[in-house]
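K.L.:
Next comes the structure file coords.txt, holding compact mmCIF, C-alpha atoms.
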# COMPACT_ATOMS: atom_id res chain seq x y z
CA MET Y 1023 15.07 -6.84 13.43
CA THR Y 1024 16.63 -4.61 16.12
CA PRO Y 1025 14.25 -1.82 17.19
CA PRO Y 1026 15.40 1.78 16.82
CA PRO Y 1027 17.64 3.20 19.58
CA PRO Y 1028 15.98 4.95 22.54
CA PRO Y 1029 15.60 8.72 22.43
CA THR Y 1030 17.43 11.24 24.59
CA SER Y 1031 15.72 12.79 27.56
CA THR Y 1032 15.22 16.03 25.65
CA ALA Y 1033 13.36 14.39 22.78
CA GLU Y 1034 9.77 13.25 22.73
CA PRO Y 1035 9.59 9.67 24.04
CA THR Y 1036 9.17 6.98 21.43
CA LEU Y 1037 6.50 4.33 21.81
CA VAL Y 1038 7.78 0.81 21.32
CA PRO Y 1039 6.24 -2.56 22.20
CA ALA Y 1040 6.88 -3.55 25.79
CA ASP Y 1041 8.52 -6.82 24.82
CA THR Y 1042 11.07 -5.05 22.62
CA ALA Y 1043 11.90 -2.12 24.92
CA PRO Y 1044 15.57 -1.75 25.91
CA ALA Y 1045 16.39 -2.80 29.47
CA GLY Y 1046 18.97 -0.08 30.09
CA PRO Y 1047 20.73 2.94 28.59
CA ARG Y 1048 23.14 0.92 26.47
CA SER Y 1049 21.26 -2.31 26.02
CA THR Y 1050 20.88 -3.82 22.59
CA PRO Y 1051 17.31 -5.10 22.23
CA THR Y 1052 16.81 -8.41 20.52
CA ARG Y 1053 14.14 -9.15 17.99
CA PRO Y 1054 10.82 -9.94 19.68
CA SER Y 1055 10.51 -13.53 18.52
CA GLY Y 1056 11.62 -14.98 21.85
CA PRO Y 1057 11.57 -18.79 22.05
CA VAL Y 1058 11.03 -20.88 18.98
CA ALA Y 1059 7.56 -21.81 20.23
CA GLY Y 1060 6.62 -18.12 20.40
CA ALA Y 1061 7.82 -17.50 16.85
CA ALA Y 1062 5.90 -20.56 15.68
CA LEU Y 1063 2.72 -19.26 17.32
CA VAL Y 1064 3.23 -15.89 15.61
CA LEU Y 1065 3.65 -17.64 12.25
CA VAL Y 1066 0.49 -19.70 12.74
CA GLY Y 1067 -1.38 -16.56 13.76
CA MET Y 1068 -0.10 -14.66 10.72
CA LEU Y 1069 -1.19 -17.42 8.36
CA LEU Y 1070 -4.68 -17.59 9.91
CA VAL Y 1071 -5.00 -13.81 9.58
CA ALA Y 1072 -3.82 -13.97 5.96
CA LEU Y 1073 -6.40 -16.66 5.22
CA ASN Y 1074 -9.11 -14.12 6.12
CA LEU Y 1075 -7.80 -11.02 4.38
CA ARG Y 1076 -9.62 -11.49 1.07
CA ALA Y 1077 -12.32 -14.06 1.88
CA ALA Y 1078 -14.79 -11.36 2.91
CA ILE Y 1079 -14.29 -9.72 -0.49
CA THR Y 1080 -14.24 -12.62 -2.96
CA SER Y 1081 -17.16 -14.34 -1.22
CA LEU Y 1082 -19.26 -11.22 -1.81
CA GLY Y 1083 -18.05 -10.98 -5.41
CA ALA Y 1084 -19.19 -14.55 -6.10
CA LEU Y 1085 -22.70 -13.76 -4.79
CA LEU Y 1086 -22.96 -10.20 -6.06
CA ASP Y 1087 -26.01 -10.88 -8.23
CA GLU Y 1088 -27.87 -12.53 -5.34
CA VAL Y 1089 -26.94 -9.71 -2.97
CA ARG Y 1090 -28.09 -7.09 -5.48
CA ASP Y 1091 -31.44 -8.84 -5.86
CA GLY Y 1092 -31.85 -9.55 -2.15
CA MET Y 1093 -30.97 -6.01 -1.05
CA GLY Y 1094 -32.54 -4.25 -4.05
CA LEU Y 1095 -29.26 -2.59 -5.05
CA SER Y 1096 -28.69 -0.62 -8.25
CA GLY Y 1097 -25.62 -1.18 -10.40
CA ALA Y 1098 -24.10 2.03 -9.02
CA MET Y 1099 -24.64 0.92 -5.41
CA ALA Y 1100 -23.12 -2.45 -6.23
CA GLY Y 1101 -20.15 -0.51 -7.52
CA VAL Y 1102 -19.94 1.33 -4.20
CA ILE Y 1103 -19.93 -1.97 -2.32
CA THR Y 1104 -17.16 -3.39 -4.49
CA THR Y 1105 -15.20 -0.14 -3.99
CA LEU Y 1106 -15.61 -0.19 -0.21
CA PRO Y 1107 -12.62 -2.50 0.44
CA ALA Y 1108 -10.18 -0.11 -1.20
CA ILE Y 1109 -11.64 2.91 0.63
CA ALA Y 1110 -11.57 1.16 4.00
CA PHE Y 1111 -8.03 -0.09 3.47
CA GLY Y 1112 -6.88 3.40 2.55
CA VAL Y 1113 -8.53 5.17 5.49
CA PHE Y 1114 -7.95 2.65 8.27
CA GLY Y 1115 -4.55 1.56 7.00
CA ALA Y 1116 -3.31 5.14 7.41
CA LEU Y 1117 -4.26 5.05 11.10
CA THR Y 1118 -2.35 1.87 11.87
CA PRO Y 1119 1.09 3.44 12.60
CA ARG Y 1120 -0.53 5.51 15.36
CA LEU Y 1121 -2.13 2.40 16.81
CA VAL Y 1122 1.23 0.59 16.74
CA ARG Y 1123 2.70 3.34 18.94
CA ARG Y 1124 0.03 2.67 21.58
CA TYR Y 1125 -0.70 -1.05 21.41
CA SER Y 1126 1.28 -4.21 20.73
CA PRO Y 1127 0.81 -5.88 17.31
CA PRO Y 1128 -0.68 -9.08 18.85
CA ARG Y 1129 -3.32 -7.02 20.66
CA LEU Y 1130 -4.11 -5.07 17.50
CA LEU Y 1131 -4.42 -8.23 15.39
CA ALA Y 1132 -6.73 -9.88 17.94
CA ALA Y 1133 -8.98 -6.79 17.88
CA ALA Y 1134 -8.82 -6.65 14.07
CA MET Y 1135 -10.04 -10.22 13.68
CA VAL Y 1136 -12.85 -9.67 16.21
CA LEU Y 1137 -13.94 -6.64 14.19
CA LEU Y 1138 -13.79 -8.65 10.96
CA ALA Y 1139 -15.97 -11.42 12.38
CA ALA Y 1140 -18.50 -9.01 13.91
CA GLY Y 1141 -18.76 -6.88 10.78
CA GLN Y 1142 -19.46 -9.89 8.58
CA LEU Y 1143 -22.24 -11.03 10.91
CA VAL Y 1144 -23.81 -7.56 10.96
CA ARG Y 1145 -23.97 -7.27 7.19
CA VAL Y 1146 -25.77 -10.57 6.68
CA GLY Y 1147 -28.27 -9.94 9.49
CA THR Y 1148 -29.87 -6.80 8.06
CA THR Y 1149 -32.19 -5.72 5.28
CA SER Y 1150 -30.95 -2.12 5.44
CA THR Y 1151 -28.47 -1.00 2.81
CA VAL Y 1152 -26.92 1.48 5.25
CA VAL Y 1153 -26.38 -1.15 7.93
CA PHE Y 1154 -25.01 -3.53 5.31
CA LEU Y 1155 -22.45 -0.88 4.33
CA VAL Y 1156 -21.57 -0.13 7.97
CA GLY Y 1157 -21.06 -3.81 8.76
CA SER Y 1158 -18.93 -4.25 5.67
CA ALA Y 1159 -16.85 -1.18 6.57
CA ALA Y 1160 -16.26 -2.49 10.10
CA ALA Y 1161 -15.12 -5.85 8.79
CA LEU Y 1162 -12.82 -4.22 6.27
CA ALA Y 1163 -11.36 -1.92 8.95
CA GLY Y 1164 -10.08 -5.06 10.67
CA VAL Y 1165 -8.57 -6.25 7.41
CA ALA Y 1166 -6.93 -2.84 6.84
CA VAL Y 1167 -5.09 -2.96 10.17
CA ALA Y 1168 -3.88 -6.49 9.50
CA ASN Y 1169 -2.73 -5.54 6.00
CA VAL Y 1170 -0.24 -3.02 7.42
CA LEU Y 1171 0.85 -5.11 10.41
CA LEU Y 1172 1.87 -8.29 8.59
CA PRO Y 1173 4.95 -6.82 6.81
CA LEU Y 1174 6.01 -5.31 10.16
CA LEU Y 1175 5.70 -8.65 11.94
CA VAL Y 1176 7.72 -10.37 9.21
CA LYS Y 1177 10.49 -7.80 9.64
CA GLN Y 1178 10.45 -8.08 13.45
CA TYR Y 1179 10.07 -11.80 13.99
CA PHE Y 1180 11.69 -13.27 10.87
CA PRO Y 1181 14.37 -10.77 9.71
CA HIS Y 1182 16.43 -13.51 8.05
CA ARG Y 1183 13.46 -15.17 6.33
CA ILE Y 1184 11.61 -12.17 4.94
CA GLY Y 1185 11.14 -13.59 1.44
CA LEU Y 1186 10.05 -17.03 2.64
CA VAL Y 1187 7.60 -15.81 5.28
CA THR Y 1188 6.20 -13.08 3.02
CA GLY Y 1189 5.68 -15.73 0.37
CA ALA Y 1190 3.98 -18.03 2.89
CA TYR Y 1191 1.44 -15.47 4.05
CA SER Y 1192 0.91 -14.16 0.51
CA MET Y 1193 0.20 -17.71 -0.62
CA THR Y 1194 -2.20 -18.24 2.29
CA LEU Y 1195 -3.97 -14.96 1.52
CA THR Y 1196 -4.36 -16.04 -2.09
CA ALA Y 1197 -5.59 -19.48 -1.06
CA GLY Y 1198 -8.19 -17.93 1.22
CA ALA Y 1199 -9.43 -15.69 -1.57
CA ALA Y 1200 -9.64 -18.63 -3.98
CA THR Y 1201 -11.44 -20.87 -1.50
CA ALA Y 1202 -14.03 -18.22 -0.72
CA ALA Y 1203 -14.65 -17.50 -4.39
CA ALA Y 1204 -15.02 -21.18 -5.28
CA THR Y 1205 -17.13 -22.39 -2.36
CA THR Y 1206 -19.40 -19.51 -1.39
CA VAL Y 1207 -22.02 -20.13 -4.10
CA PRO Y 1208 -22.29 -23.91 -3.37
CA ILE Y 1209 -22.42 -23.18 0.38
CA ALA Y 1210 -25.17 -20.61 -0.17
CA HIS Y 1211 -27.17 -23.11 -2.23
CA LEU Y 1212 -26.63 -25.83 0.37
CA LEU Y 1213 -27.71 -23.61 3.27
CA GLY Y 1214 -30.54 -22.02 1.32
CA SER Y 1215 -29.58 -18.33 1.17
CA TRP Y 1216 -26.84 -15.91 0.18
CA ARG Y 1217 -26.81 -14.62 3.76
CA ALA Y 1218 -25.78 -18.00 5.12
CA GLY Y 1219 -23.20 -18.34 2.36
CA LEU Y 1220 -21.52 -15.12 3.50
CA ALA Y 1221 -21.96 -15.71 7.23
CA VAL Y 1222 -19.74 -18.81 7.34
CA TRP Y 1223 -16.66 -16.65 6.76
CA ALA Y 1224 -17.25 -14.88 10.06
CA GLY Y 1225 -16.43 -18.20 11.74
CA LEU Y 1226 -13.06 -18.33 9.99
CA ALA Y 1227 -12.27 -14.84 11.30
CA ALA Y 1228 -13.19 -15.93 14.83
CA VAL Y 1229 -10.70 -18.80 14.60
CA ALA Y 1230 -7.97 -16.35 13.59
CA VAL Y 1231 -8.40 -14.52 16.90
CA LEU Y 1232 -7.28 -17.51 18.97
CA PRO Y 1233 -3.46 -17.52 18.45
CA TRP Y 1234 -3.24 -13.81 19.26
CA LEU Y 1235 -5.06 -13.97 22.61
CA PRO Y 1236 -2.21 -15.52 24.65
CA LEU Y 1237 0.32 -13.34 22.83
CA ALA Y 1238 -1.69 -10.19 23.54
CA LEU Y 1239 -2.06 -11.06 27.22
CA ARG Y 1240 1.60 -11.98 27.60
CA ARG Y 1241 3.01 -9.05 25.66
CA GLY Y 1242 0.81 -6.43 27.27
CA THR Y 1243 0.59 -2.85 26.08
CA THR Y 1244 3.27 -0.52 24.82
CA ARG Y 1245 5.24 1.66 27.17
CA ARG Y 1246 7.28 4.81 26.87
CA VAL Y 1247 11.05 4.60 26.91
CA ALA Y 1248 13.33 7.54 27.55
CA THR Y 1249 17.09 7.44 28.13
CA THR Y 1250 19.95 9.90 27.84
CA THR Y 1251 22.39 8.02 25.68
CA GLU Y 1252 21.36 8.19 22.01
CA PRO Y 1253 19.29 10.52 19.85
CA ALA Y 1254 15.85 9.58 18.67
CA PRO Y 1255 15.72 8.15 15.14
CA ALA Y 1256 14.56 10.52 12.45
CA ARG Y 1257 10.98 9.80 11.48
CA VAL Y 1258 10.58 8.21 8.07
CA ARG Y 1259 8.10 10.10 5.88
CA PRO Y 1260 7.46 8.18 2.63
CA ALA Y 1261 5.06 10.90 1.45
CA ARG Y 1262 8.07 13.17 0.97
CA THR Y 1263 10.00 10.70 -1.17
CA ARG Y 1264 9.87 9.70 -4.83
CA LEU Y 1265 10.17 6.05 -3.82
CA GLY Y 1266 7.20 6.28 -1.45
CA TRP Y 1267 4.92 7.73 -4.12
CA ALA Y 1268 6.11 5.27 -6.76
CA MET Y 1269 5.38 2.42 -4.35
CA ALA Y 1270 1.92 3.83 -3.63
CA VAL Y 1271 1.09 4.25 -7.32
CA TYR Y 1272 2.32 0.76 -8.21
CA PHE Y 1273 0.44 -0.83 -5.32
CA GLY Y 1274 -2.62 1.31 -6.00
CA THR Y 1275 -2.97 0.58 -9.70
CA GLN Y 1276 -2.30 -3.12 -9.12
CA SER Y 1277 -4.95 -3.17 -6.39
CA LEU Y 1278 -7.35 -1.23 -8.62
CA SER Y 1279 -7.14 -4.07 -11.11
CA ALA Y 1280 -7.32 -6.74 -8.41
CA TYR Y 1281 -10.46 -5.39 -6.76
CA ALA Y 1282 -12.16 -4.77 -10.06
CA ILE Y 1283 -11.45 -8.39 -10.97
CA MET Y 1284 -12.59 -9.73 -7.60
CA GLY Y 1285 -15.75 -7.66 -7.73
CA TRP Y 1286 -16.74 -8.03 -11.39
CA LEU Y 1287 -14.99 -10.95 -13.11
CA ALA Y 1288 -17.65 -13.46 -12.07
CA GLN Y 1289 -20.31 -11.13 -13.48
CA LEU Y 1290 -18.35 -10.80 -16.73
CA PHE Y 1291 -18.25 -14.58 -17.12
CA ARG Y 1292 -21.96 -14.86 -16.27
CA ASP Y 1293 -22.70 -12.35 -19.01
CA ALA Y 1294 -20.57 -14.45 -21.37
CA GLY Y 1295 -22.90 -17.44 -20.83
CA PHE Y 1296 -21.40 -19.31 -17.88
CA GLN Y 1297 -23.55 -20.62 -15.04
CA PRO Y 1298 -23.11 -18.91 -11.65
CA GLU Y 1299 -21.16 -21.87 -10.21
CA GLN Y 1300 -18.88 -21.93 -13.25
CA ALA Y 1301 -18.31 -18.19 -13.07
CA GLY Y 1302 -17.41 -18.51 -9.40
CA LEU Y 1303 -14.94 -21.28 -10.18
CA LEU Y 1304 -13.30 -19.19 -12.91
CA LEU Y 1305 -12.90 -16.33 -10.45
CA ALA Y 1306 -11.47 -18.78 -7.94
CA GLY Y 1307 -9.09 -20.02 -10.62
CA VAL Y 1308 -7.44 -16.61 -10.85
CA THR Y 1309 -6.55 -16.72 -7.17
CA ALA Y 1310 -5.92 -20.47 -6.95
CA LEU Y 1311 -3.38 -20.41 -9.77
CA GLY Y 1312 -1.71 -17.53 -8.00
CA VAL Y 1313 -1.08 -19.59 -4.84
CA PRO Y 1314 2.24 -21.19 -5.87
CA ILE Y 1315 3.31 -17.96 -7.55
CA ALA Y 1316 2.63 -16.01 -4.34
CA LEU Y 1317 4.81 -18.44 -2.38
CA LEU Y 1318 7.77 -18.20 -4.74
CA MET Y 1319 7.54 -14.58 -5.95
CA PRO Y 1320 9.08 -12.76 -2.91
CA THR Y 1321 12.07 -15.12 -2.72
CA PHE Y 1322 12.55 -15.05 -6.49
CA ALA Y 1323 12.37 -11.25 -6.59
CA GLY Y 1324 14.93 -10.99 -3.79
CA ARG Y 1325 17.48 -12.89 -5.88
CA LEU Y 1326 17.15 -10.77 -9.02
CA ARG Y 1327 19.63 -8.01 -9.73
CA SER Y 1328 16.93 -6.04 -11.56
CA LEU Y 1329 13.16 -6.29 -11.13
CA ARG Y 1330 12.37 -4.58 -14.42
CA PRO Y 1331 12.14 -7.71 -16.64
CA LEU Y 1332 9.88 -9.35 -14.07
CA MET Y 1333 7.56 -6.36 -13.85
CA LEU Y 1334 7.36 -6.08 -17.64
CA ALA Y 1335 6.48 -9.77 -17.91
CA LEU Y 1336 3.65 -9.44 -15.37
CA SER Y 1337 2.27 -6.39 -17.18
CA ALA Y 1338 2.40 -8.21 -20.53
CA ALA Y 1339 0.38 -11.11 -19.09
CA MET Y 1340 -2.28 -8.70 -17.83
CA ALA Y 1341 -2.44 -6.85 -21.15
CA ILE Y 1342 -3.01 -10.06 -23.13
CA ALA Y 1343 -5.66 -11.19 -20.62
CA TYR Y 1344 -7.54 -7.89 -20.94
CA VAL Y 1345 -7.64 -8.20 -24.71
CA GLY Y 1346 -8.81 -11.79 -24.38
CA VAL Y 1347 -11.70 -11.19 -21.96
CA ALA Y 1348 -12.83 -8.26 -24.12
CA LEU Y 1349 -12.86 -10.20 -27.41
CA ALA Y 1350 -13.44 -13.88 -26.51
CA PRO Y 1351 -14.51 -14.22 -22.86
CA HIS Y 1352 -16.19 -17.61 -23.28
CA ARG Y 1353 -14.02 -19.42 -25.80
CA GLY Y 1354 -10.68 -18.56 -24.19
CA ALA Y 1355 -11.80 -18.29 -20.56
CA LEU Y 1356 -9.25 -20.75 -19.14
CA LEU Y 1357 -6.32 -19.06 -20.89
CA TRP Y 1358 -7.41 -15.62 -19.69
CA VAL Y 1359 -7.73 -16.94 -16.13
CA VAL Y 1360 -4.15 -18.26 -16.27
CA LEU Y 1361 -2.81 -14.97 -17.61
CA LEU Y 1362 -4.75 -12.94 -15.05
CA ALA Y 1363 -3.30 -15.13 -12.29
CA ILE Y 1364 0.22 -14.47 -13.55
CA GLY Y 1365 -0.40 -10.74 -13.87
CA GLN Y 1366 -1.97 -10.50 -10.41
CA SER Y 1367 1.20 -11.86 -8.83
CA ALA Y 1368 2.27 -8.22 -8.85
CA PHE Y 1369 0.55 -8.16 -5.45
CA PRO Y 1370 2.96 -10.48 -3.56
CA LEU Y 1371 5.78 -8.79 -5.45
CA ALA Y 1372 4.67 -5.40 -4.10
CA LEU Y 1373 4.48 -6.78 -0.56
CA ALA Y 1374 8.00 -8.14 -0.87
CA ILE Y 1375 9.30 -4.84 -2.23
CA ILE Y 1376 8.01 -3.03 0.88
CA GLY Y 1377 10.49 -5.01 2.99
CA MET Y 1378 13.23 -4.69 0.37
CA ARG Y 1379 12.99 -0.90 0.19
CA ALA Y 1380 13.27 -0.20 3.95
CA ARG Y 1381 16.18 -0.84 6.32
CA THR Y 1382 14.53 -0.32 9.71
CA THR Y 1383 11.39 -1.40 11.54
CA GLU Y 1384 10.14 2.20 11.56
CA GLY Y 1385 10.87 2.51 7.86
CA THR Y 1386 9.01 -0.72 7.15
CA VAL Y 1387 5.84 0.23 9.01
CA ALA Y 1388 5.91 3.77 7.57
CA LEU Y 1389 6.41 2.56 4.00
CA SER Y 1390 3.86 -0.23 4.46
CA ALA Y 1391 1.23 2.15 5.83
CA PHE Y 1392 1.80 4.84 3.19
CA THR Y 1393 2.03 2.38 0.30
CA GLN Y 1394 -1.12 0.51 1.28
CA SER Y 1395 -3.28 3.38 2.55
CA THR Y 1396 -2.52 5.69 -0.37
CA GLY Y 1397 -2.50 2.79 -2.80
CA TYR Y 1398 -5.92 1.56 -1.72
CA LEU Y 1399 -7.36 5.06 -2.04
CA ILE Y 1400 -6.07 5.07 -5.62
CA ALA Y 1401 -7.59 1.63 -6.08
CA ALA Y 1402 -10.97 2.77 -4.79
CA ILE Y 1403 -11.95 4.27 -8.14
CA GLY Y 1404 -11.50 0.91 -9.89
CA PRO Y 1405 -14.52 -1.21 -8.94
CA LEU Y 1406 -16.77 1.85 -8.71
CA LEU Y 1407 -15.85 3.18 -12.15
CA VAL Y 1408 -16.01 -0.30 -13.66
CA GLY Y 1409 -19.54 -0.65 -12.28
CA ILE Y 1410 -20.58 2.76 -13.60
CA LEU Y 1411 -19.08 2.11 -17.03
CA TYR Y 1412 -20.66 -1.35 -17.17
CA GLN Y 1413 -24.10 0.04 -16.33
CA ALA Y 1414 -23.73 2.97 -18.73
CA THR Y 1415 -22.50 0.99 -21.73
CA GLY Y 1416 -24.15 -2.37 -21.09
CA GLY Y 1417 -20.93 -4.20 -21.92
CA TRP Y 1418 -17.36 -4.82 -20.90
CA THR Y 1419 -15.27 -3.20 -23.65
CA VAL Y 1420 -15.10 0.26 -22.06
CA PRO Y 1421 -14.50 -0.99 -18.48
CA ILE Y 1422 -11.67 -3.20 -19.70
CA GLY Y 1423 -10.20 -0.27 -21.63
CA PHE Y 1424 -10.11 1.70 -18.38
CA LEU Y 1425 -8.25 -1.16 -16.65
CA ALA Y 1426 -5.75 -1.23 -19.54
CA VAL Y 1427 -4.95 2.45 -18.99
CA ALA Y 1428 -4.38 1.75 -15.28
CA LEU Y 1429 -2.00 -1.03 -16.28
CA VAL Y 1430 0.15 1.43 -18.25
CA VAL Y 1431 0.45 3.65 -15.16
CA GLN Y 1432 1.28 0.60 -13.01
CA THR Y 1433 4.09 -0.40 -15.37
CA ALA Y 1434 5.60 3.09 -15.36
CA ALA Y 1435 5.63 3.18 -11.53
CA GLY Y 1436 7.14 -0.29 -11.48
CA MET Y 1437 10.11 0.88 -13.51
CA ILE Y 1438 10.85 3.44 -10.78
CA ILE Y 1439 10.68 1.10 -7.78
CA ALA Y 1440 12.62 -1.64 -9.60
CA ARG Y 1441 15.90 0.16 -8.90
CA PRO Y 1442 17.44 -0.91 -5.53
CA ARG Y 1443 17.31 1.82 -2.88
CA HIS Y 1444 15.82 2.49 0.56
CA VAL Y 1445 13.19 4.93 1.74
CA GLU Y 1446 15.38 6.03 4.66
CA ASP Y 1447 17.91 7.42 2.17
CA GLU Y 1448 15.40 9.79 0.59
CA ARG Y 1449 13.96 11.46 3.68
Is it possible to express this structure as structure tokens?

P.N.:
Amino acid sequence: MTPPPPPTSTAEPTLVPADTAPAGPRSTPTRPSGPVAGAALVLVGMLLVALNLRAAITSLGALLDEVRDGMGLSGAMAGVITTLPAIAFGVFGALTPRLVRRYSPPRLLAAAMVLLAAGQLVRVGTTSTVVFLVGSAAALAGVAVANVLLPLLVKQYFPHRIGLVTGAYSMTLTAGAATAAATTVPIAHLLGSWRAGLAVWAGLAAVAVLPWLPLALRRGTTRRVATTTEPAPARVRPARTRLGWAMAVYFGTQSLSAYAIMGWLAQLFRDAGFQPEQAGLLLAGVTALGVPIALLMPTFAGRLRSLRPLMLALSAAMAIAYVGVALAPHRGALLWVVLLAIGQSAFPLALAIIGMRARTTEGTVALSAFTQSTGYLIAAIGPLLVGILYQATGGWTVPIGFLAVALVVQTAAGMIIARPRHVEDER
């Protein structure tokens, strides 16, 4: 993807990565992929980052009962912990565009993975609830930065393979979430404590740092560019557009459902009579079944003339699953898991739509940051309110009813963003 043209000498200089900066007044910068080997290293790094983006969340969801007992947490505080990912993603995701103007994406991703690894180690090494929350927030801050950067890197390094590469990292993200959900309880039992079961995922984050170190050192920091030939591009402000808000609402309500499921579905199945290991496997099944869907969804969506039938189908699957887990959580568990997996593929669809609804690199990072940061703040009420409703009512009917209402809002927003257009046209 060609970076935006350089600004005139009378405009405020624009920050661009050093490796993509124009060499002269009329130069046409090339996309920053460089040699094939460099692009391959970026792809490997992206997939390793994606593998980590949900493991810290689903691993905690699988061991939530043990963590509550070990830390002496109330149901409300457990709700706060399951809400923390959405809050952190909203707050720290909003800061990422500013960081991109100062530092190169490889340097930011290396720092993000270091923060993720360190935060996970801090939270399992304390008996203090406050320190546990601080460590979790630090880890999730690293995830938030990576969330926003990945669509930007796809647009920059793989402009002709956006659907395929988005599908690949979405699939890897889903696989990481499924693996963590399925294996954390057995690992904790094998190693003798829930702390050890959560700590192993810090090692995976440390591995994800490695591909970005040579890229960060080679690319260096950003630099200012100022020439006198072309005007600076107009800044894209998704918050002032109908499309930007529709994207944020769709992403937010979908994420609200996703984080409520990741945080509480295993508990729902435990309450329905399943053993902890079985409940963890059922939670893992939601994400595991979504792996092939995540790979194919972005490419499939890019070939459709209208996204409305697809969005309606995903919402219908979620609606049936909600009714099922409310009325027959034990008897129909496998069917509800399949339907939840289908419905949750709205997540890779939303990631793909970010790239489809922006023409430029600046538009992509602006729409990605606004969609995800605002969306995750919307999502933050999901796990918390589900936890409060669960504790207040002692059952799952009311919490599931709340998720059904959110699904209606998600579907309405989806009908708006289904129409082809670009955020740059609405500014």

K.L.:
Which polymer residues have any atom within 10 Å of an atom of Ala1368 of chain Y, counting all atoms listed in the file, with same-chain residues fewer than 5 positions away left out, as a list in words?

P.N.:
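Close residues of Ala1368 of chain Y: Tyr1272, Phe1273, Gln1276, Ser1277, Ala1280, Ile1315, Ala1316, Met1319, Leu1332, Met1333, Leu1336, Ser1337, Ala1363, Leu1373, Ala1374, Gln1432 and Gly1436 of chain Y.
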
K.L.:
Would you mind reading off the distance between atom CA of Leu1069 of chain Y and atom CA of Thr1321 of chain Y, one decimal, in Å?

P.N.:
17.4 Å

K.L.:
To one decimal in Å, tell me the separation between atom CA of Leu1235 of chain Y and atom CA of Glu1384 of chain Y.

P.N.:
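Between atom CA of Leu1235 of chain Y and atom CA of Glu1384 of chain Y the gap is 24.8 Å.
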
K.L.:
Would you mind reading off the distance between atom CA of Trp1286 of chain Y and atom CA of Thr1206 of chain Y, one decimal, in Å?

P.N.:
15.5 Å

K.L.:
May I ask which of the residues Y:Met1269, Y:Pro1298, Y:Ser1279, Y:Ala1388 is the closest one to Leu1371 of chain Y, counting all atoms listed in the file?

P.N.:
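Among the listed residues, the smallest separation from Leu1371 of chain Y belongs to Y:Met1269.
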
K.L.:
Extract, using all atoms listed in the file, all DNA, RNA and protein residues at most 8 Å from Gln1413 of chain Y, discarding same-chain residues fewer than 3 positions from it, and format them as a list in words.

P.N.:
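Contacts, in chain order: Gly1097, Ala1098, Gly1409, Ile1410, Gly1416 and Gly1417 of chain Y.
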
K.L.:
Find the residues around Ala1282 of chain Y up to 7 Å (only C-alpha atoms counted), leave out those fewer than 6 positions away in its own chain, and share them as JSON, numbers by chain.

P.N.:
{"Y": [1404, 1405, 1408]}

K.L.:
My list of candidates is Y:Ala1108, Y:Ala1238, Y:Ala1202, Y:Val1359. Which is closest to Trp1223 of chain Y when distances are computed with only C-alpha atoms?

P.N.:
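Distance minimum relative to Trp1223 of chain Y lands on Y:Ala1202.
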
K.L.:
Please list as a PyMOL selection string every residue within 7 Å of Leu1429 of chain Y, counting only C-alpha atoms and excluding residues in the same chain fewer than 4 positions away.

P.N.:
chain Y and resi 1275+1337+1425+1433

K.L.:
Please list as a VMD selection string every residue within 12 Å of Arg1292 of chain Y, counting all atoms listed in the file and excluding residues in the same chain fewer than 2 positions away.

P.N.:
chain Y and resid 1084 to 1087 1286 to 1290 1294 to 1305 1351 to 1352 1355 1418

K.L.:
Closest to Met1068 of chain Y among Y:Ala1230, Y:Ile1184, Y:Val1152, Y:Met1093, using all atoms listed in the file?

P.N.:
Y:Ala1230

K.L.:
Which residue out of Y:Gly1365, Y:Arg1264, Y:Arg1325, Y:Pro1370 has the minimum interatomic distance to Ile1438 of chain Y when all atoms listed in the file are used?

P.N.:
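Smallest distance to Ile1438 of chain Y is found for Y:Arg1264.
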
K.L.:
Counting only C-alpha atoms, figure out which residue out of Y:Leu1265, Y:Val1345, Y:Val1064, Y:Val1229 gets nearest to Met1378 of chain Y.

P.N.:
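Closest candidate: Y:Leu1265.
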
K.L.:
Out of Y:Val1176, Y:Ala1077, Y:Val1071, Y:Ile1342, which residue has the shortest atom-to-atom distance to Thr1205 of chain Y when counting only C-alpha atoms?

P.N.:
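Closest residue, counting only C-alpha atoms: Y:Ala1077.
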